[in-house]
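Novice: For reference, the structure I am asking about is given below.
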Amino acid sequence: MKTSVSRRLVLGTVTALALTFGLNQSASAAETASDFVRRLGGQLVTIVNSDASADQKREKLFPVLEEGVDIDSIGQYCLGRYWRTATPEQKAQYLKLFHQIIVNAVSEKLGDYRGVSFTIGGTTQDGPDQVVDAVLHRPQQPDANTQWLISTASGSPKVVDLKGEGASLRLTQRGDYSSYIQRNGGKVDALITALQHQIDRHGAPKSE
Amino acid sequence: MLERAGIGRSLPVKTACPAAGLKRRGKIDVATETLTGMGSVTDDQQIAFLPGSSACQSAPRRNRRYGAARFSTLVLSALTLAGCASMVSPKPKDPDALAEYEEANDKYEPLNRKMYNLSVWVDKYSMRPVAKAYVWAVPRPVRSSLGNMVRTMNEPVVFFNDVGAGKPRRAGDSFARWCINMTVGIGGFIDVAKYAGYPHHDNDGGLTLATWGIPSGPYLFLPMMGPSSIRDGIGYGIDQGLSPWNYVPRGYGLITFNWAYNIMGTINTRADHLDDLDQVQRDALDPYATIRSAYQQQRKAVADSIRNDHRATVPDWYN
């Protein structure tokens, strides 16, 4: 009798612990994605809303984006079918430029704003990734609905895509790059040169 | 094409026929159409100004004229078709390239690119400077009110499309928006409905057809009108039929309002996209491909959101 009670107790405890642990784990995984977006978004907003100059903001954005965004995986996605045909040197050179492009794009999109804030919505599962809804509030502009695709494939949660009003940024970017390479004789080098020009131009003072 | 954008429009000339036998010099345009961001107007009232026009022209001349018109239409159609045949981009054989081709969904890419380049060029010297001047001259609250007005005036089209899509709750929302904004919102200038729990939602003929399961068909870039598709183009035509403003009877001052509304709507819509379009032109390596991709994704997302709107027909407070 005593044995059976203790066995029941032990089994029950183990099951309860397993359940609790399991539930906790799934709950924390779901929380992690939205917490992660909240943390990353918070960091971005702090930089954007600060009084720093555009260049200073860009410098501050760089480590935050490097840590929170899986730029390599996005870069690979954006090159599409040309990733396979590119040489290792081309890949390395392309990714190096792509990192700068991302930072430039983010700082340009957000840099001019002050008083930006955001609200985190629900989280949904999309295959292995998680999608976190967030509404971006910008002063004197309509609110923008965004969806952040978070992947934990690299071990820690990282942003792999951002959707604004239904359009995926990485898919749109891939359309841009593929089309450009295709119209330049399928040469990845053409894209690399164009990206380099784009970065040089971004560094130069604006003509307008 | 230019006529669609309201450029190069031939305005009706109300000339009275001076005497029989004299050549009539007034231009008889049966239907001219103007484009707006929100809708367009087809005013075929000009022909009503011509009560004596048939008396002014002899029958053979008229027949010859109609014959010539028919012939030129035929020639134009043949030319367009011949042009289109060489405007189809060939299907690639490589599986990867084929997958990309299918994803772009742009069978008429060479033609579309021509239309895109033309539109960008015309826009650069017409709508863009006008929109910039408008933003410079008109304060933001006024622009926002005018934007609200244009949106409210389009609400009937949204309503009919909501009904067509079989979404009664959405139809109710747009109906409520129309009633509230036209009264409390002073003719649509203030979006009161938004604060009353009826935020704006998009719908148009193309999206309604999409909810019926009709595929988009190849992507199209319509000159001066922007990105579209076969289905969305047809939807645009349906919307013109659904817009009550196209049935406004002449002679009530409403025509003037209609023109003002359409021109204002076009400028306002262009002004809303000044920064976006400038950014695409500046940052994209191939702005055409970027716009194509973004447009098709957005249309799909909006169609999905309409399809997945399963809210109960009556609002919660009713139960």
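Going through the structure tokens in order, the chains are called A, B, and so on, while each chain numbers its residues from 1 and the ligands are numbered from 1 in the order shown.
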Pull out every residue of chain A that has at least one atom within 10 Å of chain B, counting only C-alpha atoms, and report them as an mmCIF file with N, CA and C atoms, in the first residue's frame.

Specialist:
```cif
data_model
loop_
_atom_site.group_PDB
_atom_site.id
_atom_site.type_symbol
_atom_site.label_atom_id
_atom_site.label_comp_id
_atom_site.auth_asym_id
_atom_site.auth_seq_id
_atom_site.Cartn_x
_atom_site.Cartn_y
_atom_site.Cartn_z
ATOM 1 N N GLY A 80 18.497 34.983 -53.708
ATOM 2 C CA GLY A 80 17.674 33.997 -54.414
ATOM 3 C C GLY A 80 18.507 32.918 -55.070
ATOM 4 N N ARG A 81 18.174 32.632 -56.307
ATOM 5 C CA ARG A 81 18.829 31.512 -56.994
ATOM 6 C C ARG A 81 20.288 31.802 -57.326
ATOM 7 N N TYR A 82 20.676 33.078 -57.271
ATOM 8 C CA TYR A 82 22.059 33.409 -57.604
ATOM 9 C C TYR A 82 23.020 33.092 -56.470
ATOM 10 N N ILE A 101 23.955 47.967 -46.195
ATOM 11 C CA ILE A 101 22.694 48.364 -46.834
ATOM 12 C C ILE A 101 21.550 48.334 -45.820
ATOM 13 N N ALA A 105 19.405 51.429 -44.613
ATOM 14 C CA ALA A 105 17.958 51.449 -44.876
ATOM 15 C C ALA A 105 17.187 51.738 -43.599
ATOM 16 N N GLU A 108 17.789 55.292 -42.406
ATOM 17 C CA GLU A 108 17.122 56.258 -43.281
ATOM 18 C C GLU A 108 15.611 56.274 -43.059
ATOM 19 N N LYS A 109 15.063 55.062 -42.888
ATOM 20 C CA LYS A 109 13.605 54.968 -42.696
ATOM 21 C C LYS A 109 13.177 55.571 -41.374
ATOM 22 N N GLN A 140 2.404 62.360 -36.868
ATOM 23 C CA GLN A 140 1.794 62.952 -38.067
ATOM 24 C C GLN A 140 1.805 62.017 -39.270
ATOM 25 N N LYS A 163 7.363 42.461 -42.231
ATOM 26 C CA LYS A 163 6.294 42.726 -43.194
ATOM 27 C C LYS A 163 5.624 44.045 -42.841
ATOM 28 N N GLY A 164 5.476 44.899 -43.822
ATOM 29 C CA GLY A 164 4.772 46.160 -43.613
ATOM 30 C C GLY A 164 3.564 46.202 -44.522
ATOM 31 N N GLU A 165 2.381 46.294 -43.935
ATOM 32 C CA GLU A 165 1.133 46.324 -44.706
ATOM 33 C C GLU A 165 1.069 45.168 -45.711
ATOM 34 N N GLY A 166 1.486 43.992 -45.267
ATOM 35 C CA GLY A 166 1.310 42.798 -46.105
ATOM 36 C C GLY A 166 2.456 42.477 -47.038
ATOM 37 N N ALA A 167 3.398 43.410 -47.208
ATOM 38 C CA ALA A 167 4.503 43.147 -48.130
ATOM 39 C C ALA A 167 5.757 42.776 -47.335
ATOM 40 N N SER A 168 6.321 41.631 -47.667
ATOM 41 C CA SER A 168 7.533 41.178 -46.985
ATOM 42 C C SER A 168 8.730 41.931 -47.547
ATOM 43 N N LEU A 169 9.524 42.474 -46.639
ATOM 44 C CA LEU A 169 10.668 43.270 -47.095
ATOM 45 C C LEU A 169 11.695 42.409 -47.813
ATOM 46 N N LEU A 171 11.211 39.580 -49.401
ATOM 47 C CA LEU A 171 10.714 39.106 -50.690
ATOM 48 C C LEU A 171 10.767 40.222 -51.732
ATOM 49 N N THR A 172 10.383 41.432 -51.306
ATOM 50 C CA THR A 172 10.440 42.575 -52.215
ATOM 51 C C THR A 172 11.875 42.852 -52.634
ATOM 52 N N GLN A 173 12.770 42.742 -51.643
ATOM 53 C CA GLN A 173 14.188 42.976 -51.932
ATOM 54 C C GLN A 173 14.727 41.932 -52.896
ATOM 55 N N ARG A 174 14.288 40.685 -52.719
ATOM 56 C CA ARG A 174 14.737 39.622 -53.605
ATOM 57 C C ARG A 174 14.254 39.898 -55.035
ATOM 58 N N GLY A 175 12.999 40.383 -55.137
ATOM 59 C CA GLY A 175 12.467 40.728 -56.461
ATOM 60 C C GLY A 175 13.333 41.786 -57.127
ATOM 61 N N ASP A 176 13.753 42.762 -56.325
ATOM 62 C CA ASP A 176 14.591 43.851 -56.830
ATOM 63 C C ASP A 176 15.943 43.314 -57.307
ATOM 64 N N TYR A 177 16.605 42.556 -56.450
ATOM 65 C CA TYR A 177 17.953 42.056 -56.767
ATOM 66 C C TYR A 177 17.928 41.074 -57.940
ATOM 67 N N SER A 178 16.994 40.114 -57.892
ATOM 68 C CA SER A 178 16.935 39.105 -58.966
ATOM 69 C C SER A 178 16.739 39.778 -60.305
ATOM 70 N N SER A 179 15.798 40.731 -60.309
ATOM 71 C CA SER A 179 15.495 41.414 -61.560
ATOM 72 C C SER A 179 16.717 42.179 -62.054
ATOM 73 N N TYR A 180 17.422 42.807 -61.121
ATOM 74 C CA TYR A 180 18.599 43.591 -61.511
ATOM 75 C C TYR A 180 19.683 42.675 -62.087
ATOM 76 N N ILE A 181 19.929 41.549 -61.407
ATOM 77 C CA ILE A 181 20.964 40.620 -61.889
ATOM 78 C C ILE A 181 20.556 40.063 -63.254
ATOM 79 N N GLN A 182 19.289 39.691 -63.358
ATOM 80 C CA GLN A 182 18.800 39.114 -64.618
ATOM 81 C C GLN A 182 18.969 40.092 -65.775
ATOM 82 N N ARG A 183 18.703 41.355 -65.513
ATOM 83 C CA ARG A 183 18.808 42.362 -66.570
ATOM 84 C C ARG A 183 20.263 42.766 -66.833
ATOM 85 N N LEU A 191 25.512 43.233 -59.457
ATOM 86 C CA LEU A 191 24.773 43.605 -58.242
ATOM 87 C C LEU A 191 25.730 44.176 -57.202
ATOM 88 N N ALA A 194 26.616 47.627 -58.054
ATOM 89 C CA ALA A 194 25.484 48.534 -57.828
ATOM 90 C C ALA A 194 25.303 48.819 -56.339
ATOM 91 N N LEU A 195 25.458 47.786 -55.525
ATOM 92 C CA LEU A 195 25.302 47.980 -54.078
ATOM 93 C C LEU A 195 26.395 48.905 -53.547
ATOM 94 N N GLN A 198 25.486 52.317 -54.347
ATOM 95 C CA GLN A 198 24.396 52.757 -53.480
ATOM 96 C C GLN A 198 24.946 53.206 -52.119
ATOM 97 N N ILE A 199 25.891 52.427 -51.588
ATOM 98 C CA ILE A 199 26.469 52.765 -50.285
ATOM 99 C C ILE A 199 27.284 54.063 -50.388
ATOM 100 N N ARG A 201 26.823 56.452 -52.477
ATOM 101 C CA ARG A 201 25.880 57.560 -52.658
ATOM 102 C C ARG A 201 25.232 57.925 -51.325
ATOM 103 N N HIS A 202 24.945 56.903 -50.526
ATOM 104 C CA HIS A 202 24.305 57.144 -49.232
ATOM 105 C C HIS A 202 25.214 57.964 -48.329
#
```

Novice: Identify all residues of segment 194-253 of chain B in alpha helix (DSSP H) (DSSP on the backbone) and supply them as a PyMOL selection string.

Specialist: chain B and resi 194-195+205-211+230-242

Novice: As a ChimeraX atom specification, please: the residues near Leu149 of chain A (cut-off 10 Å, only C-alpha atoms, same-chain neighbours under 5 positions excluded).

Specialist: /A:33,37,123-126,129-133,157-163,168

Novice: Now that the selection is made, can you save its residues with C-alpha atoms as a CSV table (one decimal), in the first residue's frame?

Specialist:
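Output saved as out_21.csv:
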```
chain,number,residue,atom,x,y,z
A,33,ALA,CA,9.5,36.0,-29.4
A,37,VAL,CA,10.6,42.1,-30.4
A,123,THR,CA,2.2,36.1,-31.7
A,124,THR,CA,1.4,33.4,-34.2
A,125,GLN,CA,3.4,30.4,-35.4
A,126,ASP,CA,4.5,30.3,-39.0
A,129,ASP,CA,9.3,30.7,-37.1
A,130,GLN,CA,7.1,33.0,-35.0
A,131,VAL,CA,5.3,36.1,-36.3
A,132,VAL,CA,4.9,39.0,-33.9
A,133,ASP,CA,2.5,41.7,-34.7
A,157,PRO,CA,15.8,34.7,-31.5
A,158,LYS,CA,16.6,36.9,-34.5
A,159,VAL,CA,14.5,38.8,-37.0
A,160,VAL,CA,14.5,37.2,-40.4
A,161,ASP,CA,11.8,39.3,-42.1
A,162,LEU,CA,9.7,42.3,-41.6
A,163,LYS,CA,6.3,42.7,-43.2
A,168,SER,CA,7.5,41.2,-47.0
```

Novice: Would you list the contacts of segment 144-157 of chain B as a count of residues only, taking every protein, DNA or RNA residue within 8 Å and counting only C-alpha atoms, but skipping same-chain residues closer than 4 positions in sequence?

Specialist: 25
